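Since the structure comes first, as structure tokens, the remarks are kept for the end.
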Number of protein chains: 2
Amino acid sequence: MESPLPTFTFRPIGRVHSPYKETREVPKGLGAQHRADGTIEIFPEYEEGLLDVEGFSHLYVLWVFDRAGAPPETWSGTPPADDRPHGVFATRSPRRPNPLALTVVELLRREGRVLHVRGVDMLDGTPVLDLKPYLSNIPADQLRRGWLAEAEARRKS
Amino acid sequence: MESPLPTFTFRPIGRVHSPYKETREVPKGLGAQHRADGTIEIFPEYEEGLLDVEGFSHLYVLWVFDRAGAPPETWSGTPPADDRPHGVFATRSPRRPNPLALTVVELLRREGRVLHVRGVDMLDGTPVLDLKPYLSNIPADQLRRGWLAEAEARRKS
């Protein structure tokens with residue numbers, strides 16, 4: 001039997017300031033648009049890490065679903081975008097084994113250690129673990145979106 | 001003064017099997033191609049979370065740079081793709097405040113709790129924290145890639 005892997009502990013580098021105070025305010029489901037503006041405040045000790053970030057139009061934000069509640073009893077469920085269950089690794093559900101979230105935001109401008117961004121879907125005060133530059137796309141003709149494309153097609157028909 | 005945020009602890013959901021045994025084997029720098037095939041083994045207790053994942057052509061893999069060494073003393077450095085320093089949040093450097101990594105892989109096929117994927121840039125045995133479906137691109141005409149685009153232009157000239 002192989003030895004189990006250790007756990008890993010991470011410390012927030014900053015937090016999100018968002019117009020959303022409660023989960024039900026965040027747009028969800030098919031066709032949900034995340035156009036809200038907000039800011040990402042990076043804590044002073046990490047400000048140096050922002051050098052040259054303003055050259056990028058989009059950033060990946062890795063953050064924590066810190067108000068997602070207790071983990072579910074099963075790892076599949078029915079997302080807002082569909083009427084049938086799917087595995088958590090095939091959805092963006094906040095109720096997953098590790099409450100890690102990923103959002104691509106548009107970087108509008110930087111003011112010191114505050115990033116003004118568009119496309120926030122986080123609650124106000126959400127802890128941020130990392131930022132990374134968005135560098136490239138998957139060619140559109142190679143992209144398949146499984147159950148989500150099927151759910152969209154059903155809704156249109 | 002605002003209260004500090006807590007830390008967050010995560011447990012691996014699986015691990016990567018990759019052809020790369022050491023960091024120096026992983027392609028890096030300008031124009032590096034990540035075309036290597038590998039597998040992601042999801043641990044049995046999370047297999048249900050894979051339901052319908054095979055409908056997606058690409059997945060985000062959130063993983064841990066578990067062999068990145070001690071954190072650096074400063075949060076900026078010179079990446080392999082350039083000859084001048086940039087902040088860690090403007091690079092993909094493994095030496096960052098939280099050693100979290102993000103890779104988009106192409107899902108070739110699923111066999112039970114093993115995903116055969118293309119595009120691995122992880123070392124063999126790397127702990128995986130989460131998988132998410134890749135759903136959409138940023139329109140190419142809206143994408144700016146800062147220092148990286150500048151470094152590429154300098155190399156060509």
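Labeling convention for the structure tokens: chains A, B, ... as they appear, residues from 1 per chain, ligands from 1 in order of appearance.
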Starting from chain B, keep only residues with some atom at most 7 Å from an atom of chain A, counting only C-alpha atoms, and report them as a tab-separated table (two decimals) with N, CA and C atoms, in the first residue's frame.
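The new file part37.tsv reads:
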chain	number	residue	atom	x	y	z
B	5	LEU	N	-6.68	36.96	8.32
B	5	LEU	CA	-7.46	35.82	7.83
B	5	LEU	C	-6.83	34.52	8.33
B	7	THR	N	-5.60	30.49	8.12
B	7	THR	CA	-5.00	29.64	7.08
B	7	THR	C	-6.01	28.56	6.68
B	8	PHE	N	-5.72	27.89	5.57
B	8	PHE	CA	-6.62	26.84	5.05
B	8	PHE	C	-5.79	25.61	4.72
B	9	THR	N	-6.31	24.46	5.13
B	9	THR	CA	-5.59	23.21	4.92
B	9	THR	C	-6.36	22.31	3.96
B	10	PHE	N	-5.63	21.77	2.96
B	10	PHE	CA	-6.27	20.96	1.93
B	10	PHE	C	-5.63	19.57	1.88
B	11	ARG	N	-6.47	18.61	1.48
B	11	ARG	CA	-6.04	17.21	1.42
B	11	ARG	C	-6.04	16.78	-0.05
B	12	PRO	N	-4.95	16.20	-0.55
B	12	PRO	CA	-4.93	15.78	-1.95
B	12	PRO	C	-6.07	14.81	-2.29
B	46	TYR	N	-12.90	9.61	-3.81
B	46	TYR	CA	-13.40	10.76	-4.58
B	46	TYR	C	-13.86	10.36	-5.99
B	48	GLU	N	-16.53	9.16	-7.23
B	48	GLU	CA	-17.88	9.62	-7.62
B	48	GLU	C	-17.83	11.03	-8.21
B	49	GLY	N	-16.88	11.84	-7.77
B	49	GLY	CA	-16.77	13.20	-8.26
B	49	GLY	C	-16.42	13.30	-9.74
B	50	LEU	N	-16.03	12.17	-10.35
B	50	LEU	CA	-15.64	12.17	-11.76
B	50	LEU	C	-16.82	11.96	-12.70
B	51	LEU	N	-18.02	11.73	-12.15
B	51	LEU	CA	-19.20	11.46	-12.98
B	51	LEU	C	-19.36	12.53	-14.07
B	52	ASP	N	-19.34	12.11	-15.32
B	52	ASP	CA	-19.54	12.98	-16.50
B	52	ASP	C	-18.34	13.84	-16.85
B	53	VAL	N	-17.23	13.66	-16.17
B	53	VAL	CA	-16.06	14.48	-16.49
B	53	VAL	C	-15.56	14.20	-17.90
B	55	GLY	N	-17.00	14.13	-20.58
B	55	GLY	CA	-17.60	14.96	-21.62
B	55	GLY	C	-16.81	16.23	-21.92
B	56	PHE	N	-15.83	16.53	-21.09
B	56	PHE	CA	-15.06	17.76	-21.28
B	56	PHE	C	-13.73	17.45	-21.95
B	57	SER	N	-13.37	18.29	-22.90
B	57	SER	CA	-12.11	18.07	-23.63
B	57	SER	C	-10.90	18.52	-22.81
B	58	HIS	N	-11.11	19.51	-21.93
B	58	HIS	CA	-9.99	20.08	-21.17
B	58	HIS	C	-10.40	20.28	-19.71
B	75	TRP	N	9.67	38.59	-3.40
B	75	TRP	CA	8.55	38.12	-4.22
B	75	TRP	C	8.64	38.58	-5.66
B	76	SER	N	9.88	38.89	-6.12
B	76	SER	CA	10.07	39.07	-7.54
B	76	SER	C	11.33	38.34	-7.95
B	86	HIS	N	10.40	40.10	-12.56
B	86	HIS	CA	8.96	40.39	-12.51
B	86	HIS	C	8.41	39.83	-11.19
B	87	GLY	N	7.29	40.39	-10.75
B	87	GLY	CA	6.66	39.89	-9.54
B	87	GLY	C	6.14	38.47	-9.72
B	88	VAL	N	6.11	37.70	-8.63
B	88	VAL	CA	5.66	36.30	-8.76
B	88	VAL	C	4.23	36.22	-9.27
B	89	PHE	N	3.39	37.22	-8.98
B	89	PHE	CA	2.00	37.15	-9.43
B	89	PHE	C	1.87	37.49	-10.92
B	90	ALA	N	2.98	37.91	-11.53
B	90	ALA	CA	3.01	38.13	-12.98
B	90	ALA	C	3.77	37.01	-13.68
B	91	THR	N	4.09	35.95	-12.96
B	91	THR	CA	4.79	34.80	-13.54
B	91	THR	C	4.14	33.49	-13.06
B	92	ARG	N	4.61	32.39	-13.67
B	92	ARG	CA	4.16	31.06	-13.24
B	92	ARG	C	5.19	30.40	-12.33
B	98	ASN	N	2.13	30.90	-1.82
B	98	ASN	CA	1.51	29.58	-1.67
B	98	ASN	C	1.89	28.76	-2.89
B	129	LEU	N	-5.07	18.77	-5.92
B	129	LEU	CA	-6.06	19.24	-4.95
B	129	LEU	C	-7.47	19.36	-5.53
B	130	ASP	N	-7.57	19.60	-6.84
B	130	ASP	CA	-8.90	19.79	-7.41
B	130	ASP	C	-8.82	19.65	-8.93
B	131	LEU	N	-9.95	19.30	-9.51
B	131	LEU	CA	-10.14	19.33	-10.96
B	131	LEU	C	-11.40	20.14	-11.24
B	132	LYS	N	-11.36	20.92	-12.32
B	132	LYS	CA	-12.53	21.70	-12.72
B	132	LYS	C	-12.66	21.64	-14.23
B	133	PRO	N	-13.90	21.69	-14.75
B	133	PRO	CA	-14.05	21.71	-16.21
B	133	PRO	C	-13.59	23.04	-16.79
B	135	LEU	N	-14.32	25.75	-19.32
B	135	LEU	CA	-15.59	26.09	-19.94
B	135	LEU	C	-15.49	27.14	-21.03
B	137	ASN	N	-13.08	30.57	-23.09
B	137	ASN	CA	-11.86	31.33	-23.37
B	137	ASN	C	-12.11	32.82	-23.20
B	138	ILE	N	-11.04	33.54	-23.02
B	138	ILE	CA	-11.09	34.99	-23.13
B	138	ILE	C	-10.94	35.33	-24.62
B	143	LEU	N	-6.97	40.00	-25.15
B	143	LEU	CA	-5.92	39.45	-24.30
B	143	LEU	C	-4.61	40.22	-24.46
B	144	ARG	N	-4.07	40.71	-23.35
B	144	ARG	CA	-2.74	41.32	-23.35
B	144	ARG	C	-1.86	40.51	-22.41
B	145	ARG	N	-0.58	40.29	-22.82
B	145	ARG	CA	0.26	39.38	-22.06
B	145	ARG	C	1.55	40.04	-21.58
B	146	GLY	N	1.46	41.37	-21.34
B	146	GLY	CA	2.50	42.11	-20.65
B	146	GLY	C	3.93	41.78	-20.99
B	147	TRP	N	4.74	41.56	-19.96
B	147	TRP	CA	6.17	41.36	-20.14
B	147	TRP	C	6.46	40.15	-21.02
*Extract, using only C-alpha atoms, all DNA, RNA and protein residues at most 6 Å from Ser18 (chain A), discarding same-chain residues fewer than 2 positions from it, and format them as JSON, numbers by chain.*
{"A": [20, 38, 123, 124]}
*Write down as a PyMOL selection string the residues belonging to chain A that are assigned alpha helix (DSSP H) by DSSP computed on the backbone.*
chain A and resi 146-156
Next, write the just-selected residues to a file, as a PDB file, in the first residue's frame, keeping N, CA and C atoms as the atom set.
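Saved result, selection.pdb, follows:
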ATOM      1  N   GLY A 146     -19.127  19.000 -22.618  1.00  0.00           N
ATOM      2  CA  GLY A 146     -19.916  17.936 -22.001  1.00  0.00           C
ATOM      3  C   GLY A 146     -21.348  18.275 -21.634  1.00  0.00           C
ATOM      4  N   TRP A 147     -21.699  17.951 -20.395  1.00  0.00           N
ATOM      5  CA  TRP A 147     -23.094  18.098 -19.944  1.00  0.00           C
ATOM      6  C   TRP A 147     -23.572  19.537 -20.042  1.00  0.00           C
ATOM      7  N   LEU A 148     -22.648  20.502 -19.923  1.00  0.00           N
ATOM      8  CA  LEU A 148     -23.077  21.903 -19.943  1.00  0.00           C
ATOM      9  C   LEU A 148     -23.582  22.281 -21.332  1.00  0.00           C
ATOM     10  N   ALA A 149     -22.872  21.851 -22.373  1.00  0.00           N
ATOM     11  CA  ALA A 149     -23.329  22.108 -23.745  1.00  0.00           C
ATOM     12  C   ALA A 149     -24.662  21.409 -23.989  1.00  0.00           C
ATOM     13  N   GLU A 150     -24.813  20.214 -23.452  1.00  0.00           N
ATOM     14  CA  GLU A 150     -26.081  19.471 -23.626  1.00  0.00           C
ATOM     15  C   GLU A 150     -27.231  20.203 -22.932  1.00  0.00           C
ATOM     16  N   ALA A 151     -26.968  20.708 -21.731  1.00  0.00           N
ATOM     17  CA  ALA A 151     -28.018  21.423 -20.995  1.00  0.00           C
ATOM     18  C   ALA A 151     -28.416  22.701 -21.722  1.00  0.00           C
ATOM     19  N   GLU A 152     -27.420  23.380 -22.286  1.00  0.00           N
ATOM     20  CA  GLU A 152     -27.719  24.596 -23.046  1.00  0.00           C
ATOM     21  C   GLU A 152     -28.576  24.271 -24.272  1.00  0.00           C
ATOM     22  N   ALA A 153     -28.225  23.179 -24.961  1.00  0.00           N
ATOM     23  CA  ALA A 153     -28.974  22.792 -26.167  1.00  0.00           C
ATOM     24  C   ALA A 153     -30.411  22.418 -25.800  1.00  0.00           C
ATOM     25  N   ARG A 154     -30.588  21.730 -24.694  1.00  0.00           N
ATOM     26  CA  ARG A 154     -31.956  21.362 -24.270  1.00  0.00           C
ATOM     27  C   ARG A 154     -32.773  22.597 -23.967  1.00  0.00           C
ATOM     28  N   ARG A 155     -32.146  23.589 -23.338  1.00  0.00           N
ATOM     29  CA  ARG A 155     -32.902  24.769 -22.967  1.00  0.00           C
ATOM     30  C   ARG A 155     -33.353  25.563 -24.196  1.00  0.00           C
ATOM     31  N   LYS A 156     -32.506  25.528 -25.228  1.00  0.00           N
ATOM     32  CA  LYS A 156     -32.841  26.277 -26.444  1.00  0.00           C
ATOM     33  C   LYS A 156     -33.944  25.596 -27.257  1.00  0.00           C
TER      34      LYS A 156
END
*Per DSSP on the backbone, filter region 70-143 of chain A down to the residues in strand (DSSP E or B) and report them as a list of chain:residue names.*
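Answer for region 70-143 of chain A, restricted to strand (DSSP E or B): A:Ser76, A:Gly77, A:His86, A:Gly87, A:Leu100, A:Ala101, A:Leu102, A:Thr103, A:Val104, A:Val105, A:Glu106, A:Leu107, A:Leu108, A:Arg109, A:Arg110, A:Glu111, A:Val114, A:Leu115, A:His116, A:Val117, A:Arg118, A:Pro127, A:Val128, A:Leu129, A:Asp130, A:Leu131, A:Lys132, A:Pro133.
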*Measuring atom to atom with only C-alpha atoms, identify which of B:Thr39, B:Gln33, B:Thr78, B:Thr103 is nearest to Pro19 (chain B).*
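Closest candidate: B:Thr39.
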*Report the distance between CA of Gly119 (chain B) and CA of Ala36 (chain B) in Å, rounded to one decimal place.*
5.1 Å
*Pairwise distance for CA of Thr23 (chain B) and CA of Asp37 (chain B), rounded to one decimal in Å*: 16.4 Å
